[in-house]
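Asker: Attaching a single structure in structure tokens format; questions to follow.
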Amino acid sequence: MSTPNDAEVMDWATAYVCSRCGDQVLAPSCHDCVSGPGAAVQLRHDSDLVRSQLDEFQQFDDSRRYAPLLPVQHLDGVTLGEGGTGLVDAPSLGAELGVSLLLKLEGANPTGSTKDRGSSIVAAHAVDLGNDVVACASTGNAAASLAAYAARSGLDCCLFVPEHAPDAKAVQPLVYGADVLAVEGTY
């Protein structure tokens with residue numbers, strides 16, 4: 001099952017704005033403001049249009065459910081079902097807090113990590129931009145997650161890990177075909 005076409009998903013994006021100076025960034029592929037690097041690029045959107053599109057995405061139990069809110073176009077070829085994790089009642093903790101409490105079972109994500117949600121968006125954005133490689137510095141879960149989503153998306157993956165990280169931490173990314181490079185220090 002696929003999401004509505006790319007043009008429909010991105011119609012709601014009105015501008016990308018520098019979080020530091022407020023200047024508009026002309027394209028989502030330009031991640032730094034012209035006044036200098038280091039500020040986050042924030043997405044502005046048409047709230048009414050997003051609300052009108054949310055219902056048609058409720059059929060999905062993964063990241064595609066939130067497609068109208070995400071700054072990417074190509075989730076179909078990237079998603080591994082992340083985000084569709086269940087809820088479990090936590091009555092004891094809820095009673096202590098005086099609330100009815102449900103907790104997300106994030107370990108049920110494809111690589112067993114909360115990092116899967118972000119990794120799916122990173123991989124989708126790389127696909128949108130026509131990139132061939134994704135990379136990150138990590139000591140574990142982020143590396144494994146990004147490697148899985150890169151493999152799913154047909155992207156190469158380069159991971160930088162501390163030289164003294166346990167070898168076991170590199171196993172999962174290597175299984176997904178990532179290049180794992182040890183670096184001096186913590187990273």
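If you're wondering about the labels, chains in the structure tokens are A, B, ... by order shown, residues count from 1 in each chain, ligands from 1 in order shown.
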Can you list, as a PyMOL selection string, every protein, DNA or RNA residue that comes within 12 Å of Phe160 in chain A when you count only C-alpha atoms, leaving out same-chain residues fewer than 6 positions away?

Answerer: chain A and resi 134-140+142-144+146-147+169-170+173+178-187

Asker: Quick one: write out the picked residues with C-alpha atoms as a PDB file, in the first residue's frame?

Answerer:
```pdb
ATOM      1  CA  VAL A 134      24.248   8.374   4.964  1.00  0.00           C
ATOM      2  CA  ALA A 135      26.620   8.620   7.920  1.00  0.00           C
ATOM      3  CA  CYS A 136      26.588   9.118  11.664  1.00  0.00           C
ATOM      4  CA  ALA A 137      28.734   8.908  14.768  1.00  0.00           C
ATOM      5  CA  SER A 138      27.326   6.491  17.334  1.00  0.00           C
ATOM      6  CA  THR A 139      28.211   3.998  20.014  1.00  0.00           C
ATOM      7  CA  GLY A 140      25.338   1.629  19.329  1.00  0.00           C
ATOM      8  CA  ALA A 142      21.759   4.923  16.265  1.00  0.00           C
ATOM      9  CA  ALA A 143      24.415   3.161  14.183  1.00  0.00           C
ATOM     10  CA  ALA A 144      22.459  -0.086  13.972  1.00  0.00           C
ATOM     11  CA  LEU A 146      20.723   3.968  10.456  1.00  0.00           C
ATOM     12  CA  ALA A 147      22.461   0.967   8.893  1.00  0.00           C
ATOM     13  CA  LYS A 169      28.273  -2.993  19.020  1.00  0.00           C
ATOM     14  CA  ALA A 170      29.479  -3.238  15.394  1.00  0.00           C
ATOM     15  CA  PRO A 173      25.502  -2.494  11.484  1.00  0.00           C
ATOM     16  CA  ALA A 178      27.498  -0.629   6.780  1.00  0.00           C
ATOM     17  CA  ASP A 179      31.113   0.502   6.749  1.00  0.00           C
ATOM     18  CA  VAL A 180      32.099   0.838  10.414  1.00  0.00           C
ATOM     19  CA  LEU A 181      35.132   3.029  11.080  1.00  0.00           C
ATOM     20  CA  ALA A 182      36.793   3.342  14.500  1.00  0.00           C
ATOM     21  CA  VAL A 183      37.874   6.844  15.488  1.00  0.00           C
ATOM     22  CA  GLU A 184      40.097   8.094  18.326  1.00  0.00           C
ATOM     23  CA  GLY A 185      38.323   9.429  21.365  1.00  0.00           C
ATOM     24  CA  THR A 186      34.667   9.159  22.188  1.00  0.00           C
ATOM     25  CA  TYR A 187      33.643  10.824  18.898  1.00  0.00           C
TER      26      TYR A 187
END
```

Asker: As a ChimeraX atom specification, please: every residue in range 109-145 of chain A that DSSP puts in alpha helix (DSSP H).

Answerer: /A:115-129,141-145

Asker: Quick one: residues within 8 Å of range 56-58 of chain A, only C-alpha atoms, excluding same-chain residues fewer than 6 positions away - as a list of chain:residue names?

Answerer: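 The contact residues come out as A:Thr3, A:Arg64, A:Arg65, A:Tyr66, A:Ala67.
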
Asker: Go ahead and save the residues from that selection, with all heavy atoms, as a CSV table (one decimal), in the first residue's frame.

Answerer:
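Result saved to selection.csv:
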```
chain,number,residue,atom,x,y,z
A,3,THR,N,1.5,5.6,0.0
A,3,THR,CA,1.0,6.9,0.4
A,3,THR,C,0.6,7.7,-0.8
A,3,THR,O,1.0,7.4,-1.9
A,3,THR,CB,2.0,7.7,1.2
A,3,THR,OG1,3.2,7.8,0.4
A,3,THR,CG2,2.4,6.9,2.5
A,64,ARG,N,4.4,6.5,8.2
A,64,ARG,CA,3.6,7.0,7.1
A,64,ARG,C,2.3,7.7,7.7
A,64,ARG,O,1.7,8.5,7.1
A,64,ARG,CB,3.3,6.0,6.1
A,64,ARG,CG,4.5,5.5,5.3
A,64,ARG,CD,4.2,4.4,4.4
A,64,ARG,NE,3.8,3.2,5.1
A,64,ARG,CZ,3.4,2.1,4.6
A,64,ARG,NH1,3.3,2.0,3.3
A,64,ARG,NH2,3.1,1.1,5.4
A,65,ARG,N,1.9,7.2,8.9
A,65,ARG,CA,0.7,7.8,9.5
A,65,ARG,C,0.9,9.3,9.7
A,65,ARG,O,-0.1,10.1,9.6
A,65,ARG,CB,0.5,7.1,10.8
A,65,ARG,CG,-0.6,7.8,11.7
A,65,ARG,CD,-0.9,7.0,12.9
A,65,ARG,NE,-1.8,5.9,12.4
A,65,ARG,CZ,-2.7,5.3,13.2
A,65,ARG,NH1,-2.8,5.7,14.5
A,65,ARG,NH2,-3.5,4.4,12.7
A,66,TYR,N,2.1,9.8,9.8
A,66,TYR,CA,2.4,11.2,10.1
A,66,TYR,C,3.0,11.9,8.9
A,66,TYR,O,3.6,13.0,9.0
A,66,TYR,CB,3.3,11.3,11.3
A,66,TYR,CG,2.7,10.6,12.5
A,66,TYR,CD1,3.1,9.3,12.8
A,66,TYR,CD2,1.6,11.1,13.2
A,66,TYR,CE1,2.5,8.6,13.9
A,66,TYR,CE2,1.0,10.5,14.2
A,66,TYR,CZ,1.5,9.2,14.6
A,66,TYR,OH,0.9,8.5,15.6
A,67,ALA,N,2.9,11.3,7.7
A,67,ALA,CA,3.5,11.8,6.5
A,67,ALA,C,3.1,13.3,6.3
A,67,ALA,O,4.0,14.1,5.9
A,67,ALA,CB,3.1,11.0,5.3
```

Asker: Nearest to Val122 in chain A among A:Leu159, A:Leu174, A:Pro68, A:Ala150, with distances taken over only C-alpha atoms: which residue is it?

Answerer: A:Ala150

Asker: Between CA of Gly130 in chain A and CA of Leu155 in chain A, measure the distance and give it in Å to one decimal.

Answerer: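 Here the two named atoms are 9.9 Å from each other.
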
Asker: Could you please determine the separation between CA of Leu70 in chain A and CA of Leu43 in chain A in Å, to one decimal place?

Answerer: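 These two atoms are separated by 9.1 Å.
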
Asker: Give the strand (DSSP E) residues of range 25-170 of chain A, as assigned by DSSP on the backbone, as an NGL selection string.

Answerer: :A and (25 or 41-45 or 87-89 or 102-104 or 133-137 or 156-162)

Asker: To one decimal place in Å, what is the distance between CA of Glu106 in chain A and CA of Gly81 in chain A?

Answerer: 11.9 Å

Asker: Taking only C-alpha atoms into account, name the residue in A:Ala108, A:Leu49, A:Cys18, A:Val133 that is nearest to Leu87 in chain A.

Answerer: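 The answer is A:Ala108, which sits nearest to Leu87 in chain A.
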
Asker: A:His45, A:Arg20, A:Arg152, A:His164: which is nearest Asp76 in chain A, counting only C-alpha atoms?

Answerer: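 Smallest separation from Asp76 in chain A among the options: A:Arg152.
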
Asker: Using only C-alpha atoms, determine which residues lie at most 8 Å from Ile121 in chain A, disregarding the query and same-chain residues fewer than 3 positions distant; provide the list as a list in words.

Answerer: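 Here the qualifying residues turn out to be Leu70, Val72, Leu75, Arg117, Gly118, Ala124 and His125 of chain A.
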
Asker: Could you tell me which of A:Thr14, A:Ser153, A:Ser19, A:Gly83 comes closest to Asp128 in chain A if we count only C-alpha atoms?

Answerer: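 Of all the options, A:Ser153 lies closest to Asp128 in chain A.
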